[in-house]
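File shown: final.cif (mmCIF, N, CA and C atoms).
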data_work
#
loop_
_atom_site.label_atom_id
_atom_site.label_comp_id
_atom_site.auth_asym_id
_atom_site.auth_seq_id
_atom_site.Cartn_x
_atom_site.Cartn_y
_atom_site.Cartn_z
N MET R 247 27.28 62.39 129.95
CA MET R 247 25.96 62.01 130.41
C MET R 247 25.46 63.11 131.35
N THR R 248 24.30 63.57 131.10
CA THR R 248 23.72 64.64 131.91
C THR R 248 23.09 64.05 133.16
N PRO R 249 22.86 64.86 134.18
CA PRO R 249 22.24 64.35 135.41
C PRO R 249 20.86 63.78 135.17
N THR R 250 20.12 64.30 134.20
CA THR R 250 18.79 63.77 133.90
C THR R 250 18.88 62.37 133.33
N GLU R 251 19.84 62.15 132.42
CA GLU R 251 20.01 60.82 131.86
C GLU R 251 20.44 59.81 132.93
N ARG R 252 21.30 60.25 133.85
CA ARG R 252 21.76 59.37 134.92
C ARG R 252 20.59 59.00 135.83
N HIS R 253 19.69 59.91 136.10
CA HIS R 253 18.52 59.66 136.94
C HIS R 253 17.57 58.65 136.28
N ILE R 254 17.40 58.77 134.96
CA ILE R 254 16.52 57.83 134.25
C ILE R 254 17.11 56.43 134.29
N GLY R 255 18.44 56.30 134.15
CA GLY R 255 19.09 54.99 134.22
C GLY R 255 18.95 54.36 135.59
N MET R 256 19.06 55.13 136.66
CA MET R 256 18.92 54.62 138.02
C MET R 256 17.48 54.21 138.30
N ARG R 257 16.54 54.87 137.64
CA ARG R 257 15.13 54.54 137.83
C ARG R 257 14.84 53.13 137.33
N HIS R 258 15.51 52.70 136.30
CA HIS R 258 15.31 51.34 135.78
C HIS R 258 16.14 50.33 136.55
N LEU R 259 17.26 50.76 137.12
CA LEU R 259 18.15 49.86 137.83
C LEU R 259 17.63 49.53 139.23
N LEU R 260 17.01 50.47 139.89
CA LEU R 260 16.53 50.27 141.26
C LEU R 260 15.50 49.14 141.37
N PRO R 261 14.45 49.06 140.53
CA PRO R 261 13.51 47.92 140.65
C PRO R 261 14.19 46.58 140.38
N LEU R 262 15.16 46.57 139.49
CA LEU R 262 15.88 45.33 139.20
C LEU R 262 16.67 44.88 140.42
N LEU R 263 17.33 45.81 141.10
CA LEU R 263 18.09 45.47 142.31
C LEU R 263 17.16 44.99 143.43
N VAL R 264 16.01 45.63 143.59
CA VAL R 264 15.05 45.21 144.60
C VAL R 264 14.53 43.80 144.29
N LEU R 265 14.26 43.51 143.05
CA LEU R 265 13.79 42.19 142.64
C LEU R 265 14.86 41.13 142.91
N LEU R 266 16.11 41.43 142.57
CA LEU R 266 17.20 40.49 142.82
C LEU R 266 17.39 40.24 144.32
N ALA R 267 17.33 41.27 145.12
CA ALA R 267 17.47 41.13 146.57
C ALA R 267 16.34 40.28 147.15
N ALA R 268 15.14 40.49 146.68
CA ALA R 268 14.00 39.70 147.17
C ALA R 268 14.12 38.25 146.76
N THR R 269 14.61 38.00 145.56
CA THR R 269 14.76 36.63 145.08
C THR R 269 15.80 35.88 145.90
N PHE R 270 16.98 36.48 146.07
CA PHE R 270 18.04 35.82 146.82
C PHE R 270 17.74 35.76 148.31
N GLY R 271 17.03 36.73 148.82
CA GLY R 271 16.70 36.74 150.23
C GLY R 271 15.66 35.69 150.61
N SER R 272 14.77 35.37 149.70
CA SER R 272 13.73 34.40 150.00
C SER R 272 14.11 32.99 149.56
N ALA R 273 15.29 32.78 149.02
CA ALA R 273 15.68 31.45 148.55
C ALA R 273 15.76 30.45 149.69
N GLY R 274 16.11 30.88 150.89
CA GLY R 274 16.20 29.98 152.02
C GLY R 274 14.90 29.85 152.78
N CYS R 275 13.85 30.43 152.32
CA CYS R 275 12.58 30.44 153.04
C CYS R 275 11.56 29.48 152.45
N VAL R 276 12.02 28.40 151.87
CA VAL R 276 11.11 27.42 151.29
C VAL R 276 10.56 26.55 152.42
N TYR R 277 9.26 26.40 152.48
CA TYR R 277 8.62 25.61 153.53
C TYR R 277 8.82 24.12 153.27
N ARG R 278 9.27 23.41 154.27
CA ARG R 278 9.41 21.96 154.18
C ARG R 278 8.45 21.34 155.18
N PRO R 279 7.40 20.67 154.72
CA PRO R 279 6.43 20.10 155.67
C PRO R 279 7.01 18.90 156.40
N ASN R 280 6.43 18.59 157.56
CA ASN R 280 6.80 17.38 158.29
C ASN R 280 6.24 16.18 157.53
N ILE R 281 7.06 15.14 157.39
CA ILE R 281 6.63 13.94 156.67
C ILE R 281 6.55 12.80 157.67
N GLN R 282 5.34 12.33 157.90
CA GLN R 282 5.10 11.24 158.84
C GLN R 282 4.59 10.04 158.06
N GLN R 283 5.22 8.89 158.24
CA GLN R 283 4.83 7.70 157.51
C GLN R 283 4.72 6.52 158.47
N GLY R 284 3.76 5.66 158.24
CA GLY R 284 3.64 4.43 159.00
C GLY R 284 2.75 4.57 160.22
N ASN R 285 2.87 3.58 161.12
CA ASN R 285 2.09 3.53 162.35
C ASN R 285 2.82 4.32 163.43
N LEU R 286 2.12 5.25 164.07
CA LEU R 286 2.70 5.99 165.18
C LEU R 286 2.86 5.02 166.34
N LEU R 287 4.10 4.75 166.72
CA LEU R 287 4.38 3.79 167.79
C LEU R 287 4.76 4.55 169.06
N GLU R 288 3.85 4.58 170.00
CA GLU R 288 4.12 5.18 171.31
C GLU R 288 4.74 4.11 172.20
N ALA R 289 5.68 4.49 173.03
CA ALA R 289 6.36 3.53 173.91
C ALA R 289 5.35 2.84 174.84
N GLU R 290 4.33 3.58 175.29
CA GLU R 290 3.32 2.99 176.18
C GLU R 290 2.52 1.90 175.45
N ASP R 291 2.21 2.13 174.17
CA ASP R 291 1.45 1.14 173.40
C ASP R 291 2.29 -0.10 173.12
N VAL R 292 3.56 0.11 172.80
CA VAL R 292 4.44 -1.01 172.51
C VAL R 292 4.61 -1.87 173.76
N ASP R 293 4.68 -1.25 174.93
CA ASP R 293 4.83 -1.99 176.18
C ASP R 293 3.59 -2.83 176.50
N GLN R 294 2.44 -2.49 175.94
CA GLN R 294 1.21 -3.25 176.20
C GLN R 294 1.19 -4.58 175.45
N VAL R 295 1.96 -4.71 174.38
CA VAL R 295 1.96 -5.95 173.60
C VAL R 295 2.79 -6.98 174.35
N THR R 296 2.14 -8.08 174.71
CA THR R 296 2.81 -9.14 175.47
C THR R 296 2.59 -10.48 174.80
N VAL R 297 3.43 -11.43 175.18
CA VAL R 297 3.32 -12.80 174.66
C VAL R 297 1.98 -13.38 175.09
N GLY R 298 1.28 -14.00 174.15
CA GLY R 298 -0.01 -14.62 174.44
C GLY R 298 -1.20 -13.82 173.93
N MET R 299 -0.98 -12.57 173.52
CA MET R 299 -2.09 -11.77 172.99
C MET R 299 -2.51 -12.30 171.63
N THR R 300 -3.78 -12.10 171.27
CA THR R 300 -4.26 -12.53 169.96
C THR R 300 -3.96 -11.46 168.91
N ARG R 301 -4.13 -11.82 167.65
CA ARG R 301 -3.90 -10.86 166.55
C ARG R 301 -4.84 -9.66 166.67
N SER R 302 -6.09 -9.91 167.02
CA SER R 302 -7.03 -8.79 167.12
C SER R 302 -6.69 -7.86 168.28
N GLN R 303 -6.15 -8.40 169.37
CA GLN R 303 -5.74 -7.56 170.48
C GLN R 303 -4.55 -6.69 170.08
N VAL R 304 -3.61 -7.26 169.35
CA VAL R 304 -2.45 -6.49 168.90
C VAL R 304 -2.90 -5.42 167.91
N ARG R 305 -3.81 -5.77 167.02
CA ARG R 305 -4.32 -4.79 166.06
C ARG R 305 -5.06 -3.66 166.77
N TYR R 306 -5.76 -3.97 167.85
CA TYR R 306 -6.47 -2.95 168.61
C TYR R 306 -5.48 -1.98 169.27
N VAL R 307 -4.39 -2.50 169.82
CA VAL R 307 -3.42 -1.67 170.53
C VAL R 307 -2.55 -0.86 169.57
N LEU R 308 -2.03 -1.51 168.52
CA LEU R 308 -1.05 -0.87 167.64
C LEU R 308 -1.62 -0.43 166.29
N GLY R 309 -2.78 -0.91 165.92
CA GLY R 309 -3.33 -0.60 164.61
C GLY R 309 -2.95 -1.67 163.59
N THR R 310 -3.37 -1.46 162.37
CA THR R 310 -3.07 -2.40 161.30
C THR R 310 -1.58 -2.34 160.99
N PRO R 311 -0.93 -3.51 160.83
CA PRO R 311 0.52 -3.48 160.59
C PRO R 311 0.85 -2.83 159.25
N MET R 312 2.00 -2.16 159.23
CA MET R 312 2.46 -1.51 158.01
C MET R 312 2.81 -2.55 156.95
N VAL R 313 3.44 -3.64 157.37
CA VAL R 313 3.82 -4.70 156.45
C VAL R 313 3.26 -6.01 156.97
N SER R 314 2.43 -6.63 156.18
CA SER R 314 1.91 -7.96 156.48
C SER R 314 2.33 -8.85 155.31
N ASP R 315 3.46 -9.51 155.46
CA ASP R 315 4.09 -10.26 154.39
C ASP R 315 3.31 -11.54 154.07
N PRO R 316 2.87 -11.72 152.82
CA PRO R 316 2.15 -12.95 152.48
C PRO R 316 3.03 -14.19 152.54
N PHE R 317 4.36 -14.02 152.46
CA PHE R 317 5.27 -15.16 152.54
C PHE R 317 5.63 -15.52 153.98
N HIS R 318 5.36 -14.61 154.90
CA HIS R 318 5.57 -14.84 156.32
C HIS R 318 4.32 -14.36 157.07
N PRO R 319 3.23 -15.12 157.01
CA PRO R 319 1.97 -14.64 157.60
C PRO R 319 2.00 -14.54 159.12
N ASP R 320 2.99 -15.15 159.76
CA ASP R 320 3.08 -15.10 161.22
C ASP R 320 4.01 -13.99 161.70
N ARG R 321 4.26 -12.98 160.85
CA ARG R 321 5.11 -11.85 161.21
C ARG R 321 4.44 -10.56 160.78
N TRP R 322 4.29 -9.64 161.71
CA TRP R 322 3.76 -8.32 161.41
C TRP R 322 4.85 -7.29 161.69
N ASP R 323 5.06 -6.38 160.75
CA ASP R 323 6.04 -5.31 160.92
C ASP R 323 5.31 -3.99 161.10
N TYR R 324 5.67 -3.27 162.14
CA TYR R 324 5.16 -1.93 162.38
C TYR R 324 6.34 -0.98 162.20
N VAL R 325 6.23 -0.09 161.23
CA VAL R 325 7.31 0.83 160.91
C VAL R 325 6.77 2.26 161.01
N TYR R 326 7.58 3.15 161.59
CA TYR R 326 7.20 4.55 161.72
C TYR R 326 8.39 5.43 161.39
N SER R 327 8.13 6.51 160.69
CA SER R 327 9.18 7.46 160.33
C SER R 327 8.61 8.87 160.38
N LEU R 328 9.37 9.79 160.96
CA LEU R 328 8.97 11.20 161.03
C LEU R 328 10.18 12.04 160.67
N LYS R 329 10.05 12.81 159.60
CA LYS R 329 11.09 13.75 159.20
C LYS R 329 10.52 15.15 159.39
N VAL R 330 11.15 15.91 160.27
CA VAL R 330 10.65 17.24 160.62
C VAL R 330 11.39 18.29 159.80
N GLY R 331 10.63 19.00 158.98
CA GLY R 331 11.15 20.13 158.22
C GLY R 331 12.42 19.85 157.44
N ARG R 332 13.45 20.63 157.72
CA ARG R 332 14.71 20.52 156.98
C ARG R 332 15.71 19.58 157.62
N THR R 333 15.36 18.92 158.71
CA THR R 333 16.32 18.01 159.34
C THR R 333 16.64 16.86 158.41
N ARG R 334 17.88 16.43 158.45
CA ARG R 334 18.31 15.36 157.55
C ARG R 334 17.99 13.98 158.12
N LYS R 335 18.04 13.82 159.43
CA LYS R 335 17.81 12.52 160.04
C LYS R 335 16.35 12.38 160.45
N ALA R 336 15.76 11.26 160.09
CA ALA R 336 14.37 11.00 160.44
C ALA R 336 14.31 10.24 161.76
N ASP R 337 13.28 10.50 162.54
CA ASP R 337 13.01 9.76 163.77
C ASP R 337 12.26 8.50 163.36
N THR R 338 12.83 7.33 163.63
CA THR R 338 12.23 6.09 163.15
C THR R 338 12.00 5.12 164.30
N ALA R 339 11.06 4.22 164.08
CA ALA R 339 10.78 3.13 165.01
C ALA R 339 10.37 1.92 164.18
N HIS R 340 10.80 0.73 164.62
CA HIS R 340 10.47 -0.50 163.89
C HIS R 340 10.22 -1.59 164.92
N LEU R 341 9.05 -2.18 164.85
CA LEU R 341 8.64 -3.22 165.77
C LEU R 341 8.16 -4.41 164.96
N VAL R 342 8.59 -5.61 165.35
CA VAL R 342 8.16 -6.83 164.67
C VAL R 342 7.46 -7.72 165.70
N VAL R 343 6.25 -8.15 165.36
CA VAL R 343 5.48 -9.04 166.22
C VAL R 343 5.37 -10.39 165.52
N HIS R 344 5.79 -11.46 166.22
CA HIS R 344 5.74 -12.82 165.67
C HIS R 344 4.59 -13.58 166.32
N PHE R 345 3.90 -14.36 165.51
CA PHE R 345 2.74 -15.13 165.97
C PHE R 345 2.96 -16.62 165.73
N ALA R 346 2.29 -17.44 166.53
CA ALA R 346 2.16 -18.88 166.29
C ALA R 346 0.78 -19.26 166.81
N ASP R 347 -0.01 -19.89 165.96
CA ASP R 347 -1.40 -20.25 166.30
C ASP R 347 -2.20 -19.02 166.72
N ASP R 348 -2.01 -17.92 166.00
CA ASP R 348 -2.70 -16.64 166.22
C ASP R 348 -2.47 -16.05 167.60
N LYS R 349 -1.36 -16.37 168.24
CA LYS R 349 -0.97 -15.79 169.52
C LYS R 349 0.44 -15.22 169.39
N VAL R 350 0.70 -14.12 170.09
CA VAL R 350 2.03 -13.52 170.06
C VAL R 350 3.02 -14.45 170.75
N THR R 351 4.13 -14.73 170.04
CA THR R 351 5.19 -15.55 170.63
C THR R 351 6.43 -14.73 170.95
N ARG R 352 6.63 -13.65 170.19
CA ARG R 352 7.84 -12.84 170.37
C ARG R 352 7.60 -11.44 169.84
N VAL R 353 8.18 -10.45 170.52
CA VAL R 353 8.10 -9.06 170.09
C VAL R 353 9.54 -8.56 169.96
N GLU R 354 9.91 -8.09 168.76
CA GLU R 354 11.25 -7.56 168.52
C GLU R 354 11.16 -6.05 168.36
N ARG R 355 11.99 -5.35 169.10
CA ARG R 355 12.08 -3.89 168.96
C ARG R 355 13.38 -3.60 168.21
N LEU R 356 13.29 -3.50 166.89
CA LEU R 356 14.48 -3.23 166.09
C LEU R 356 14.94 -1.79 166.28
N GLU R 357 14.01 -0.87 166.30
CA GLU R 357 14.29 0.53 166.63
C GLU R 357 13.17 0.97 167.55
N ALA R 358 13.49 1.27 168.78
CA ALA R 358 12.46 1.61 169.76
C ALA R 358 12.00 3.05 169.56
N PRO R 359 10.70 3.30 169.76
CA PRO R 359 10.22 4.69 169.69
C PRO R 359 10.75 5.48 170.86
N ARG R 360 10.95 6.77 170.65
CA ARG R 360 11.41 7.65 171.72
C ARG R 360 10.25 7.92 172.67
N PRO R 361 10.50 7.88 173.98
CA PRO R 361 9.42 8.22 174.91
C PRO R 361 9.10 9.70 174.84
N LYS R 362 7.85 10.02 175.14
CA LYS R 362 7.43 11.43 175.15
C LYS R 362 8.10 12.14 176.31
N PRO R 363 8.48 13.40 176.12
CA PRO R 363 9.05 14.15 177.25
C PRO R 363 7.97 14.41 178.29
N ALA R 364 8.38 14.41 179.55
CA ALA R 364 7.42 14.66 180.64
C ALA R 364 6.95 16.10 180.57
N PRO R 365 5.66 16.34 180.82
CA PRO R 365 5.16 17.71 180.79
C PRO R 365 5.78 18.52 181.92
N LYS R 366 6.04 19.79 181.64
CA LYS R 366 6.62 20.67 182.64
C LYS R 366 5.54 21.08 183.64
N PRO R 367 5.86 21.08 184.92
CA PRO R 367 4.85 21.49 185.91
C PRO R 367 4.56 22.98 185.77
N THR R 368 3.28 23.32 185.89
CA THR R 368 2.86 24.71 185.75
C THR R 368 2.60 25.36 187.09
N GLY R 369 2.54 24.57 188.16
CA GLY R 369 2.24 25.13 189.48
C GLY R 369 0.76 25.15 189.78
N ASP R 370 -0.09 24.82 188.80
CA ASP R 370 -1.53 24.82 189.00
C ASP R 370 -2.03 23.49 189.55
N GLU R 371 -1.17 22.45 189.54
CA GLU R 371 -1.61 21.13 189.97
C GLU R 371 -1.75 21.11 191.48
N LYS R 372 -2.69 20.30 191.96
CA LYS R 372 -2.86 20.13 193.39
C LYS R 372 -1.81 19.13 193.87
N LYS R 373 -1.55 19.13 195.16
CA LYS R 373 -0.51 18.28 195.73
C LYS R 373 -0.83 16.80 195.56
N ASP R 374 -2.09 16.39 195.79
CA ASP R 374 -2.42 14.98 195.70
C ASP R 374 -2.73 14.54 194.27
N GLY R 375 -2.81 15.45 193.32
CA GLY R 375 -3.04 15.10 191.93
C GLY R 375 -4.50 14.93 191.57
N ALA R 376 -5.40 14.88 192.56
CA ALA R 376 -6.81 14.67 192.26
C ALA R 376 -7.51 16.02 192.15
N GLU R 377 -8.33 16.14 191.14
CA GLU R 377 -9.11 17.35 190.96
C GLU R 377 -10.59 17.00 191.01
N PRO R 378 -11.41 17.85 191.58
CA PRO R 378 -12.84 17.56 191.59
C PRO R 378 -13.39 17.69 190.18
N PRO R 379 -14.45 16.95 189.88
CA PRO R 379 -15.04 17.06 188.53
C PRO R 379 -15.65 18.44 188.33
N PRO R 380 -15.65 18.93 187.09
CA PRO R 380 -16.21 20.26 186.85
C PRO R 380 -17.72 20.26 187.06
N GLU R 381 -18.22 21.41 187.48
CA GLU R 381 -19.66 21.57 187.68
C GLU R 381 -20.35 21.63 186.32
N PRO R 382 -21.54 21.01 186.19
CA PRO R 382 -22.24 21.10 184.91
C PRO R 382 -22.67 22.53 184.63
N SER R 383 -22.56 22.93 183.37
CA SER R 383 -22.90 24.30 183.01
C SER R 383 -24.41 24.48 182.85
N GLU R 384 -25.12 23.42 182.55
CA GLU R 384 -26.58 23.50 182.39
C GLU R 384 -27.23 22.39 183.21
N PRO R 385 -28.43 22.62 183.72
CA PRO R 385 -29.11 21.54 184.45
C PRO R 385 -29.54 20.46 183.46
N PRO R 386 -29.64 19.21 183.90
CA PRO R 386 -30.06 18.15 182.99
C PRO R 386 -31.50 18.38 182.52
N PRO R 387 -31.82 17.98 181.30
CA PRO R 387 -33.17 18.21 180.79
C PRO R 387 -34.18 17.37 181.57
N GLN R 388 -35.35 17.99 181.83
CA GLN R 388 -36.43 17.32 182.55
C GLN R 388 -37.43 16.76 181.53
N PRO R 389 -38.04 15.61 181.85
CA PRO R 389 -39.04 15.06 180.93
C PRO R 389 -40.23 16.02 180.81
N ASP R 390 -40.72 16.16 179.61
CA ASP R 390 -41.82 17.09 179.34
C ASP R 390 -43.11 16.28 179.26
N ALA R 391 -44.01 16.51 180.26
CA ALA R 391 -45.27 15.77 180.32
C ALA R 391 -46.30 16.31 179.33
N SER R 392 -46.06 17.50 178.79
CA SER R 392 -47.06 18.08 177.91
C SER R 392 -46.83 17.76 176.44
N ARG R 393 -45.95 16.83 176.14
CA ARG R 393 -45.73 16.47 174.74
C ARG R 393 -46.94 15.72 174.20
N PRO R 394 -47.29 15.94 172.95
CA PRO R 394 -48.41 15.19 172.39
C PRO R 394 -48.06 13.72 172.23
N GLY R 395 -48.98 12.89 172.55
CA GLY R 395 -48.79 11.45 172.40
C GLY R 395 -48.17 10.81 173.62
N SER R 396 -47.90 11.58 174.67
CA SER R 396 -47.28 10.99 175.86
C SER R 396 -48.34 10.72 176.93
N GLY R 397 -49.58 10.92 176.62
CA GLY R 397 -50.64 10.86 177.60
C GLY R 397 -51.20 9.55 177.80
#
With the file now loaded, output its structure as structure tokens.
Amino acid sequence: MTPTERHIGMRHLLPLLVLLAATFGSAGCVYRPNIQQGNLLEAEDVDQVTVGMTRSQVRYVLGTPMVSDPFHPDRWDYVYSLKVGRTRKADTAHLVVHFADDKVTRVERLEAPRPKPAPKPTGDEKKDGAEPPPEPSEPPPQPDASRPGSG
């Protein structure tokens, strides 16, 4: 085999090797979206549901229940699941609200939602926590006496 023939063979082999390297290198780079299902149950919202609330009050605080069983009309199930990217375990929450005469009688937390992490202090906060309201950027509009029909 002459050096020219060897060079022509490498010319065809090099793109094939680059293609194979790109294929195997990008195999682990498949995007996995976050999958969120059900009612987002915040710990603060769940704590607001108390015995004696009406169905409409519970619906206002937590939203429409995920499961409203026609065979058990006095039970509402709120289910939430979040699977982030490639993680195998989903973050879940399950809350059951029981009613009698359209009033809450019992709240079951089968799987409690995780509380939100506290925000990290940035050092910009004032000591007492109160901030003055921002100044308006434009003056309020004044009534225009020269409009037609206002006379």
I need the output of the PyMOL selection byres ((chain R and resi 324) around 7) for this file as number ranges by chain; which residues are they? R: 284-285, 310-313, 322-323, 325-326, 339-343
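Distances here use all atoms listed in the file; by that measure, the residue among R:Ala268, R:Ser302, R:Arg332, R:Asp347 closest to Asn280 (chain R) is R:Arg332.
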Distance atom C of Met299 (chain R)-atom N of Thr351 (chain R), one decimal place? 7.2 Å
For each of R:Ile281, R:Leu263, R:His258, R:Leu287, take the minimum atom-to-atom distance to Ala336 (chain R), counting only C-alpha atoms, then give the residue where this is smallest.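 Between R:Ile281, R:Leu263, R:His258, R:Leu287, the residue approaching Ala336 (chain R) most closely is R:Ile281.
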Kindly give the distance, in Å, that separates atom C of Phe317 (chain R) and CA of Asp348 (chain R), rounded to a single decimal. 14.8 Å
So what does the PyMOL selection byres (((chain R and resi 300 and name CA) around 12) and name CA) actually pick up in this one, as JSON, numbers by chain? {"R": [295, 296, 297, 298, 299, 301, 302, 303, 304, 305, 306, 307, 320, 343, 344, 345, 346, 347, 348, 349, 350, 351]}
